file entry35.cif (mmCIF, C-alpha atoms and all ligand atoms)
data_model
#
loop_
_atom_site.group_PDB
_atom_site.id
_atom_site.type_symbol
_atom_site.label_atom_id
_atom_site.label_comp_id
_atom_site.auth_asym_id
_atom_site.auth_seq_id
_atom_site.Cartn_x
_atom_site.Cartn_y
_atom_site.Cartn_z
ATOM 1 C CA MET A 1 0.804 -0.643 34.251
ATOM 2 C CA PHE A 2 -2.761 0.152 33.334
ATOM 3 C CA ASP A 3 -1.716 0.709 29.746
ATOM 4 C CA LEU A 4 0.040 -2.620 29.603
ATOM 5 C CA TYR A 5 -3.016 -4.325 31.032
ATOM 6 C CA LEU A 6 -5.214 -2.817 28.347
ATOM 7 C CA LYS A 7 -2.820 -3.911 25.621
ATOM 8 C CA ARG A 8 -2.819 -7.475 26.910
ATOM 9 C CA ASN A 9 -6.585 -7.505 26.951
ATOM 10 C CA ASN A 10 -6.575 -6.285 23.392
ATOM 11 C CA ILE A 11 -4.381 -9.119 22.223
ATOM 12 C CA ILE A 12 -6.599 -11.679 23.929
ATOM 13 C CA PHE A 13 -9.625 -10.096 22.342
ATOM 14 C CA ASN A 14 -8.030 -10.267 18.902
ATOM 15 C CA ARG A 15 -7.185 -13.937 19.371
ATOM 16 C CA ARG A 16 -10.778 -14.694 20.238
ATOM 17 C CA VAL A 17 -11.954 -12.994 17.064
ATOM 18 C CA LEU A 18 -9.397 -14.924 15.050
ATOM 19 C CA LEU A 19 -10.446 -18.255 16.573
ATOM 20 C CA GLY A 20 -14.079 -17.415 15.843
ATOM 21 C CA GLY A 21 -13.163 -16.758 12.226
ATOM 22 C CA LEU A 22 -11.296 -20.040 11.887
ATOM 23 C CA ALA A 23 -14.168 -21.998 13.352
ATOM 24 C CA LEU A 24 -16.544 -20.478 10.815
ATOM 25 C CA ALA A 25 -14.193 -21.244 7.952
ATOM 26 C CA ALA A 26 -13.980 -24.890 8.954
ATOM 27 C CA LEU A 27 -17.766 -25.143 9.016
ATOM 28 C CA ALA A 28 -18.135 -23.477 5.652
ATOM 29 C CA PHE A 29 -15.696 -25.695 3.797
ATOM 30 C CA GLY A 30 -16.511 -28.919 5.602
ATOM 31 C CA PRO A 31 -14.014 -31.469 6.861
ATOM 32 C CA ALA A 32 -12.822 -32.610 3.422
ATOM 33 C CA HIS A 33 -11.255 -29.213 2.632
ATOM 34 C CA ALA A 34 -10.375 -28.110 6.135
ATOM 35 C CA GLN A 35 -6.914 -29.621 6.145
ATOM 36 C CA THR A 36 -4.165 -27.337 4.920
ATOM 37 C CA PRO A 37 -1.593 -28.664 2.459
ATOM 38 C CA THR A 38 1.596 -29.922 4.069
ATOM 39 C CA LYS A 39 3.773 -27.438 2.204
ATOM 40 C CA LYS A 40 2.473 -23.918 1.829
ATOM 41 C CA LEU A 41 3.382 -21.891 -1.221
ATOM 42 C CA ALA A 42 6.281 -19.563 -0.312
ATOM 43 C CA VAL A 43 5.237 -16.089 -1.444
ATOM 44 C CA VAL A 44 7.432 -12.994 -1.201
ATOM 45 C CA ALA A 45 5.965 -9.537 -1.802
ATOM 46 C CA SER A 46 8.105 -6.510 -2.510
ATOM 47 C CA PHE A 47 6.343 -4.307 0.078
ATOM 48 C CA SER A 48 3.785 -4.492 2.846
ATOM 49 C CA ILE A 49 0.665 -3.517 0.872
ATOM 50 C CA LEU A 50 1.187 -6.320 -1.649
ATOM 51 C CA ALA A 51 1.932 -8.783 1.153
ATOM 52 C CA ASP A 52 -1.459 -7.960 2.668
ATOM 53 C CA LEU A 53 -3.285 -8.437 -0.653
ATOM 54 C CA GLY A 54 -1.422 -11.721 -1.147
ATOM 55 C CA LYS A 55 -2.551 -12.933 2.283
ATOM 56 C CA GLU A 56 -6.145 -12.020 1.541
ATOM 57 C CA ILE A 57 -6.212 -14.023 -1.689
ATOM 58 C CA GLY A 58 -3.844 -16.863 -0.750
ATOM 59 C CA GLY A 59 -5.249 -17.431 2.731
ATOM 60 C CA ASP A 60 -3.908 -20.499 4.525
ATOM 61 C CA ARG A 61 -2.429 -22.031 1.402
ATOM 62 C CA ILE A 62 0.447 -19.552 1.275
ATOM 63 C CA GLU A 63 3.106 -18.163 3.593
ATOM 64 C CA VAL A 64 3.751 -14.490 2.744
ATOM 65 C CA LYS A 65 6.811 -12.418 3.563
ATOM 66 C CA SER A 66 7.468 -8.801 2.637
ATOM 67 C CA LEU A 67 10.868 -7.438 1.600
ATOM 68 C CA VAL A 68 10.148 -3.797 2.533
ATOM 69 C CA GLY A 69 8.490 -3.870 5.931
ATOM 70 C CA PRO A 70 5.760 -1.806 7.634
ATOM 71 C CA ASN A 71 6.307 1.983 7.754
ATOM 72 C CA ALA A 72 9.361 1.618 5.486
ATOM 73 C CA ASP A 73 10.028 3.430 2.222
ATOM 74 C CA ALA A 74 10.398 1.220 -0.867
ATOM 75 C CA HIS A 75 11.823 4.149 -2.859
ATOM 76 C CA VAL A 76 15.051 4.188 -0.898
ATOM 77 C CA TYR A 77 15.189 0.502 0.009
ATOM 78 C CA ARG A 78 18.462 -1.425 -0.139
ATOM 79 C CA ALA A 79 18.154 -5.203 -0.406
ATOM 80 C CA THR A 80 19.835 -7.310 2.285
ATOM 81 C CA PRO A 81 21.446 -10.779 2.079
ATOM 82 C CA GLN A 82 18.343 -12.161 3.840
ATOM 83 C CA ASP A 83 16.202 -10.728 1.047
ATOM 84 C CA ALA A 84 18.274 -12.616 -1.525
ATOM 85 C CA LYS A 85 17.704 -15.826 0.433
ATOM 86 C CA LEU A 86 13.948 -15.208 0.644
ATOM 87 C CA VAL A 87 13.716 -14.479 -3.072
ATOM 88 C CA ARG A 88 15.817 -17.521 -3.959
ATOM 89 C CA GLU A 89 13.552 -19.818 -1.921
ATOM 90 C CA ALA A 90 10.259 -18.230 -3.046
ATOM 91 C CA ASP A 91 7.741 -20.038 -5.239
ATOM 92 C CA VAL A 92 5.987 -16.775 -6.113
ATOM 93 C CA LEU A 93 7.028 -13.120 -6.069
ATOM 94 C CA ILE A 94 4.428 -10.354 -5.975
ATOM 95 C CA VAL A 95 5.678 -7.013 -7.296
ATOM 96 C CA ASN A 96 4.064 -3.710 -8.252
ATOM 97 C CA GLY A 97 5.989 -2.895 -11.423
ATOM 98 C CA LEU A 98 5.862 0.543 -13.130
ATOM 99 C CA GLY A 99 9.402 1.174 -11.883
ATOM 100 C CA PHE A 100 8.436 1.206 -8.218
ATOM 101 C CA GLU A 101 10.814 -1.461 -6.925
ATOM 102 C CA GLY A 102 14.100 -0.664 -8.613
ATOM 103 C CA PHE A 103 15.940 -3.124 -6.386
ATOM 104 C CA VAL A 104 13.879 -6.182 -7.353
ATOM 105 C CA PRO A 105 15.144 -7.124 -10.868
ATOM 106 C CA ARG A 106 18.719 -7.169 -9.623
ATOM 107 C CA LEU A 107 17.702 -9.177 -6.575
ATOM 108 C CA ILE A 108 16.008 -11.789 -8.777
ATOM 109 C CA ARG A 109 19.076 -12.077 -11.015
ATOM 110 C CA ALA A 110 21.581 -12.147 -8.182
ATOM 111 C CA SER A 111 19.645 -14.711 -6.155
ATOM 112 C CA GLY A 112 19.096 -17.084 -9.078
ATOM 113 C CA SER A 113 15.398 -17.185 -8.188
ATOM 114 C CA LYS A 114 13.092 -19.346 -10.308
ATOM 115 C CA ALA A 115 9.946 -17.934 -8.729
ATOM 116 C CA ARG A 116 6.847 -17.103 -10.734
ATOM 117 C CA VAL A 117 6.568 -13.288 -10.773
ATOM 118 C CA ILE A 118 3.127 -11.681 -10.402
ATOM 119 C CA THR A 119 3.211 -8.044 -11.523
ATOM 120 C CA VAL A 120 0.024 -6.654 -10.013
ATOM 121 C CA THR A 121 -0.241 -3.612 -12.310
ATOM 122 C CA ASN A 122 -0.352 -5.759 -15.471
ATOM 123 C CA GLY A 123 -3.319 -4.718 -17.587
ATOM 124 C CA LEU A 124 -3.809 -1.378 -15.831
ATOM 125 C CA LYS A 125 -3.784 1.930 -17.621
ATOM 126 C CA PRO A 126 -1.289 3.843 -15.470
ATOM 127 C CA ILE A 127 -1.238 7.582 -14.879
ATOM 128 C CA GLU A 128 1.571 9.320 -16.753
ATOM 129 C CA LYS A 129 3.979 11.335 -14.667
ATOM 130 C CA PRO A 130 3.830 15.066 -15.371
ATOM 131 C CA LYS A 131 6.478 16.158 -17.884
ATOM 132 C CA SER A 132 7.980 18.829 -15.683
ATOM 133 C CA GLY A 133 7.585 20.054 -12.158
ATOM 134 C CA GLY A 134 6.641 16.594 -10.989
ATOM 135 C CA HIS A 135 9.201 14.870 -8.901
ATOM 136 C CA ASP A 136 10.395 11.439 -9.881
ATOM 137 C CA HIS A 137 11.499 9.406 -6.989
ATOM 138 C CA GLY A 138 14.955 10.575 -7.787
ATOM 139 C CA HIS A 139 17.186 7.551 -7.989
ATOM 140 C CA SER A 140 18.674 6.188 -11.163
ATOM 141 C CA HIS A 141 16.408 3.127 -10.901
ATOM 142 C CA ASP A 142 13.277 5.156 -11.328
ATOM 143 C CA HIS A 143 13.176 6.396 -14.888
ATOM 144 C CA GLY A 144 9.683 5.109 -15.588
ATOM 145 C CA LYS A 145 7.268 7.504 -17.219
ATOM 146 C CA HIS A 146 4.330 6.170 -15.220
ATOM 147 C CA ASP A 147 3.248 6.938 -11.697
ATOM 148 C CA PRO A 148 3.692 3.638 -9.822
ATOM 149 C CA HIS A 149 1.397 4.383 -6.845
ATOM 150 C CA ALA A 150 -1.612 2.640 -8.399
ATOM 151 C CA TRP A 151 -2.660 0.915 -5.144
ATOM 152 C CA GLN A 152 -4.054 4.271 -4.037
ATOM 153 C CA SER A 153 -6.897 3.554 -6.456
ATOM 154 C CA ILE A 154 -9.406 1.011 -5.164
ATOM 155 C CA GLU A 155 -10.412 0.427 -8.781
ATOM 156 C CA ALA A 156 -6.797 -0.499 -9.550
ATOM 157 C CA ALA A 157 -6.662 -2.731 -6.465
ATOM 158 C CA ARG A 158 -9.362 -4.844 -8.139
ATOM 159 C CA THR A 159 -6.887 -5.506 -10.952
ATOM 160 C CA PHE A 160 -4.139 -6.193 -8.391
ATOM 161 C CA VAL A 161 -6.119 -8.959 -6.684
ATOM 162 C CA ALA A 162 -7.247 -10.466 -10.002
ATOM 163 C CA ASN A 163 -3.592 -10.708 -11.054
ATOM 164 C CA ILE A 164 -2.651 -12.235 -7.692
ATOM 165 C CA ARG A 165 -5.523 -14.742 -7.983
ATOM 166 C CA ASP A 166 -4.470 -15.821 -11.485
ATOM 167 C CA GLY A 167 -0.797 -16.087 -10.519
ATOM 168 C CA LEU A 168 -1.559 -18.172 -7.440
ATOM 169 C CA ILE A 169 -3.839 -20.479 -9.441
ATOM 170 C CA ALA A 170 -1.029 -20.995 -11.954
ATOM 171 C CA ALA A 171 1.430 -21.785 -9.153
ATOM 172 C CA ASP A 172 -0.973 -23.948 -7.112
ATOM 173 C CA PRO A 173 -3.835 -25.241 -9.309
ATOM 174 C CA SER A 174 -5.360 -27.344 -6.541
ATOM 175 C CA GLY A 175 -6.045 -24.149 -4.577
ATOM 176 C CA GLU A 176 -8.098 -22.588 -7.376
ATOM 177 C CA ALA A 177 -11.522 -22.778 -5.699
ATOM 178 C CA ILE A 178 -10.174 -21.201 -2.509
ATOM 179 C CA PHE A 179 -8.298 -18.421 -4.345
ATOM 180 C CA ARG A 180 -11.425 -17.595 -6.348
ATOM 181 C CA ALA A 181 -13.653 -17.547 -3.284
ATOM 182 C CA ASN A 182 -11.187 -15.351 -1.368
ATOM 183 C CA THR A 183 -11.020 -12.956 -4.324
ATOM 184 C CA GLU A 184 -14.809 -12.633 -4.570
ATOM 185 C CA ARG A 185 -15.077 -11.932 -0.849
ATOM 186 C CA TYR A 186 -12.274 -9.360 -1.009
ATOM 187 C CA LEU A 187 -13.694 -7.564 -4.057
ATOM 188 C CA ALA A 188 -16.919 -7.082 -2.099
ATOM 189 C CA GLU A 189 -14.903 -5.576 0.777
ATOM 190 C CA LEU A 190 -13.147 -3.203 -1.624
ATOM 191 C CA ASP A 191 -16.542 -2.033 -2.903
ATOM 192 C CA LYS A 192 -17.709 -1.410 0.637
ATOM 193 C CA VAL A 193 -14.649 0.684 1.509
ATOM 194 C CA ARG A 194 -14.957 2.674 -1.713
ATOM 195 C CA GLY A 195 -18.552 3.459 -0.779
ATOM 196 C CA GLU A 196 -17.421 4.623 2.662
ATOM 197 C CA ILE A 197 -14.812 6.960 1.164
ATOM 198 C CA VAL A 198 -17.328 8.446 -1.276
ATOM 199 C CA ALA A 199 -19.747 9.045 1.597
ATOM 200 C CA MET A 200 -17.043 10.729 3.726
ATOM 201 C CA LEU A 201 -15.912 13.025 0.924
ATOM 202 C CA ALA A 202 -19.476 14.006 0.075
ATOM 203 C CA SER A 203 -19.499 16.408 3.040
ATOM 204 C CA ILE A 204 -16.551 18.400 1.616
ATOM 205 C CA PRO A 205 -17.577 21.075 -0.932
ATOM 206 C CA LYS A 206 -16.068 20.403 -4.361
ATOM 207 C CA ASP A 207 -14.031 23.612 -4.350
ATOM 208 C CA ASP A 208 -12.395 22.658 -1.054
ATOM 209 C CA ARG A 209 -11.085 19.332 -2.331
ATOM 210 C CA LEU A 210 -7.397 20.171 -2.604
ATOM 211 C CA ALA A 211 -4.566 17.935 -1.415
ATOM 212 C CA ILE A 212 -1.119 18.960 -0.172
ATOM 213 C CA ALA A 213 1.152 16.000 0.492
ATOM 214 C CA ASN A 214 4.826 15.240 1.049
ATOM 215 C CA HIS A 215 5.291 13.220 -2.120
ATOM 216 C CA ASP A 216 3.492 12.360 -5.310
ATOM 217 C CA ALA A 217 1.813 9.224 -4.019
ATOM 218 C CA PHE A 218 -1.802 10.272 -4.266
ATOM 219 C CA ARG A 219 -2.598 10.956 -7.927
ATOM 220 C CA TYR A 220 -4.631 7.744 -8.280
ATOM 221 C CA PHE A 221 -6.598 8.452 -5.136
ATOM 222 C CA THR A 222 -7.302 12.063 -6.038
ATOM 223 C CA ARG A 223 -8.257 11.125 -9.613
ATOM 224 C CA ASP A 224 -10.765 8.530 -8.384
ATOM 225 C CA PHE A 225 -12.344 10.781 -5.788
ATOM 226 C CA GLY A 226 -12.321 14.181 -7.471
ATOM 227 C CA ILE A 227 -9.649 15.913 -5.378
ATOM 228 C CA ARG A 228 -7.241 18.448 -6.920
ATOM 229 C CA ILE A 229 -3.584 17.874 -6.124
ATOM 230 C CA GLU A 230 -1.629 20.636 -7.862
ATOM 231 C CA GLY A 231 0.134 21.670 -4.669
ATOM 232 C CA ALA A 232 1.757 18.295 -4.040
ATOM 233 C CA ARG A 233 4.275 18.368 -6.843
ATOM 234 C CA GLY A 234 7.882 18.933 -6.047
ATOM 235 C CA LEU A 235 8.223 16.825 -2.950
ATOM 236 C CA SER A 236 9.330 13.229 -2.742
ATOM 237 C CA THR A 237 10.362 10.944 0.082
ATOM 238 C CA GLU A 238 13.950 10.846 -1.153
ATOM 239 C CA ALA A 239 15.146 14.375 -1.584
ATOM 240 C CA GLU A 240 14.984 17.162 0.944
ATOM 241 C CA PRO A 241 12.593 19.668 -0.579
ATOM 242 C CA SER A 242 14.272 22.881 -1.618
ATOM 243 C CA ALA A 243 13.359 26.203 -0.023
ATOM 244 C CA LYS A 244 11.766 27.055 -3.369
ATOM 245 C CA ASP A 245 9.556 23.913 -3.273
ATOM 246 C CA ILE A 246 8.404 24.743 0.253
ATOM 247 C CA ALA A 247 7.751 28.380 -0.611
ATOM 248 C CA ARG A 248 5.667 27.350 -3.619
ATOM 249 C CA ILE A 249 3.505 24.969 -1.623
ATOM 250 C CA VAL A 250 3.064 27.514 1.174
ATOM 251 C CA ARG A 251 1.893 30.037 -1.422
ATOM 252 C CA ILE A 252 -0.631 27.603 -2.946
ATOM 253 C CA ALA A 253 -1.876 26.515 0.468
ATOM 254 C CA LYS A 254 -2.465 30.137 1.480
ATOM 255 C CA GLU A 255 -4.159 31.021 -1.797
ATOM 256 C CA ARG A 256 -6.462 28.024 -1.509
ATOM 257 C CA LYS A 257 -7.000 28.495 2.208
ATOM 258 C CA ALA A 258 -5.925 24.919 2.947
ATOM 259 C CA LYS A 259 -7.342 23.756 6.267
ATOM 260 C CA ALA A 260 -5.072 20.836 7.081
ATOM 261 C CA VAL A 261 -1.636 19.419 6.301
ATOM 262 C CA PHE A 262 -1.207 15.642 6.571
ATOM 263 C CA LEU A 263 1.827 13.637 7.568
ATOM 264 C CA GLU A 264 2.934 10.501 5.770
ATOM 265 C CA ASN A 265 4.104 7.439 7.640
ATOM 266 C CA ILE A 266 7.166 6.973 5.437
ATOM 267 C CA ALA A 267 8.291 10.609 5.158
ATOM 268 C CA ASP A 268 10.071 13.114 7.364
ATOM 269 C CA PRO A 269 7.393 14.545 9.685
ATOM 270 C CA ARG A 270 9.321 17.827 10.047
ATOM 271 C CA ILE A 271 8.368 18.886 6.515
ATOM 272 C CA ALA A 272 4.631 18.640 7.132
ATOM 273 C CA ALA A 273 5.092 20.368 10.493
ATOM 274 C CA GLN A 274 6.917 23.247 8.815
ATOM 275 C CA LEU A 275 4.216 23.558 6.141
ATOM 276 C CA ALA A 276 1.507 23.613 8.785
ATOM 277 C CA LYS A 277 3.343 26.304 10.735
ATOM 278 C CA GLU A 278 3.954 28.523 7.729
ATOM 279 C CA THR A 279 0.447 28.239 6.288
ATOM 280 C CA GLY A 280 -1.496 28.301 9.547
ATOM 281 C CA ALA A 281 -3.220 25.066 8.476
ATOM 282 C CA LYS A 282 -3.934 22.367 11.007
ATOM 283 C CA LEU A 283 -1.759 19.251 11.096
ATOM 284 C CA GLY A 284 -4.111 16.528 9.912
ATOM 285 C CA GLY A 285 -3.743 12.844 10.592
ATOM 286 C CA VAL A 286 -1.166 10.455 9.226
ATOM 287 C CA LEU A 287 -1.556 9.242 5.639
ATOM 288 C CA TYR A 288 -0.384 5.756 4.727
ATOM 289 C CA SER A 289 0.981 6.172 1.241
ATOM 290 C CA ASP A 290 3.471 3.461 0.350
ATOM 291 C CA ALA A 291 3.478 1.217 3.422
ATOM 292 C CA LEU A 292 1.169 -0.237 6.032
ATOM 293 C CA THR A 293 1.753 -0.026 9.778
ATOM 294 C CA ASP A 294 2.613 -3.076 11.838
ATOM 295 C CA GLU A 295 -0.240 -5.065 13.363
ATOM 296 C CA LYS A 296 -0.592 -2.750 16.362
ATOM 297 C CA GLY A 297 -0.826 0.399 14.233
ATOM 298 C CA PRO A 298 -3.954 1.941 12.722
ATOM 299 C CA ALA A 299 -3.314 0.689 9.152
ATOM 300 C CA PRO A 300 -2.188 -2.943 9.325
ATOM 301 C CA THR A 301 -4.170 -3.850 6.178
ATOM 302 C CA TYR A 302 -4.889 -2.240 2.814
ATOM 303 C CA LEU A 303 -8.574 -1.852 3.686
ATOM 304 C CA ALA A 304 -7.715 -0.102 6.969
ATOM 305 C CA MET A 305 -5.176 2.089 5.175
ATOM 306 C CA MET A 306 -7.697 3.290 2.596
HETATM 307 ZN ZN ZN A 401 5.951 6.721 -3.241
#
call {"tool": "encode", "arguments": {"input": "entry35.cif", "output": "structure tokens"}}
result
Amino acid sequence: MFDLYLKRNNIIFNRRVLLGGLALAALAFGPAHAQTPTKKLAVVASFSILADLGKEIGGDRIEVKSLVGPNADAHVYRATPQDAKLVREADVLIVNGLGFEGFVPRLIRASGSKARVITVTNGLKPIEKPKSGGHDHGHSHDHGKHDPHAWQSIEAARTFVANIRDGLIAADPSGEAIFRANTERYLAELDKVRGEIVAMLASIPKDDRLAIANHDAFRYFTRDFGIRIEGARGLSTEAEPSAKDIARIVRIAKERKAKAVFLENIADPRIAAQLAKETGAKLGGVLYSDALTDEKGPAPTYLAMM
């Protein structure tokens, strides 16, 4: 009962904050721009992280839906008939590209969608997948030679939002000033979070910066922040890791005296638990690699996730 009471209070509190924010926005733009257009742009993102970025840039002028939902794994996603309907009725699609969403091209063709497609990784220099030892995400759809998990780089996220901004302006030119203002505000927030991460990592000695993760989602993050990741290869979210893969990672973790093993929200928690047990490392917190949590979870937005 007490728990429920607290949760209710939380929701009320959040609403108050939201109302406060709306009131400020109305003041800032003045009455002439306060009214929202009668028909919002229908935007469909392939997965939750891109839906969040779309919301940040599109604001009230768009209605965003995500095909792959919170805590779900885009690598193994199977499109539903509802997805086809969403895509058919969308004005704009936001996708990652780099072979991440193998199900999307077929969905666009099958649905007869005429939506404008924003590929957020356009213009980025992607990380190449390792030639051997690295695990592709397994399925036939994923033969790309680039690592698709670019959103784990805050630097890359700057390109993502610039691409979203330009695509939304093309689809809804009368919203240009708002999309540009939202982008400027969000870029400043990205800078702030990057600064926070740098400050947090500064306390970890350089030699101790080694990552062990369930799948190869973190190369962009580790590249940006000077963390070695050699132990992470060989595991993906799709395939059960072999005994050999596990043994190899246990060996590396012991050699490097790894202190913690982290879970991923989209992967099988038993694997991390087994690694922790066999290496004597602590189970760290949950990492949000390829999906956000729902609104009640600890990572409902990209900024919170990072
Ligand atoms: Zn992934």
call {"tool": "residues_around", "arguments": {"input": "entry35.cif", "residues": "stretch 194-200 of chain A", "least_positions_apart": "3", "cutoff": "12 Å", "atoms": "all atoms listed in the file", "output": "NGL selection string"}}
result
:A and (152-158 or 187-191 or 203-205 or 221-222 or 224-227 or 303-306)
call {"tool": "closest_residue", "arguments": {"input": "entry35.cif", "among": "A:Thr301, A:Asn96, A:Ser289, A:Thr279", "to": "ligand ZN 401 (chain A)", "atoms": "all atoms listed in the file"}}
result
A:Ser289
call {"tool": "closest_residue", "arguments": {"input": "entry35.cif", "among": "A:Glu89, A:Asp207, A:Asp216, A:Glu56", "to": "ligand ZN 401 (chain A)", "atoms": "all atoms listed in the file"}}
result
A:Asp216
call {"tool": "resolve_selection", "arguments": {"input": "entry35.cif", "expression": "the PyMOL selection byres (((chain A and resi 47) around 12) and not hetatm)", "output": "PyMOL selection string"}}
result
chain A and resi 43-46+48-54+64-75+77+79+83+93-97+100-101+103-104+151+289-293+302
call {"tool": "residues_around", "arguments": {"input": "entry35.cif", "residues": "A:Arg109", "least_positions_apart": "6", "cutoff": "12 Å", "atoms": "all atoms listed in the file", "output": "list in words"}}
result
Ala84, Val87, Arg88, Phe103 and Ala115 of chain A
call {"tool": "resolve_selection", "arguments": {"input": "entry35.cif", "expression": "the PyMOL selection byres (((chain A and resi 40) around 6) and not hetatm)", "output": "VMD selection string"}}
result
chain A and resid 39 41 61 to 62
call {"tool": "closest_residue", "arguments": {"input": "entry35.cif", "among": "A:Asp294, A:Asp147, A:Asp208, A:Asp166", "to": "ligand ZN 401 (chain A)", "atoms": "all atoms listed in the file"}}
result
A:Asp147
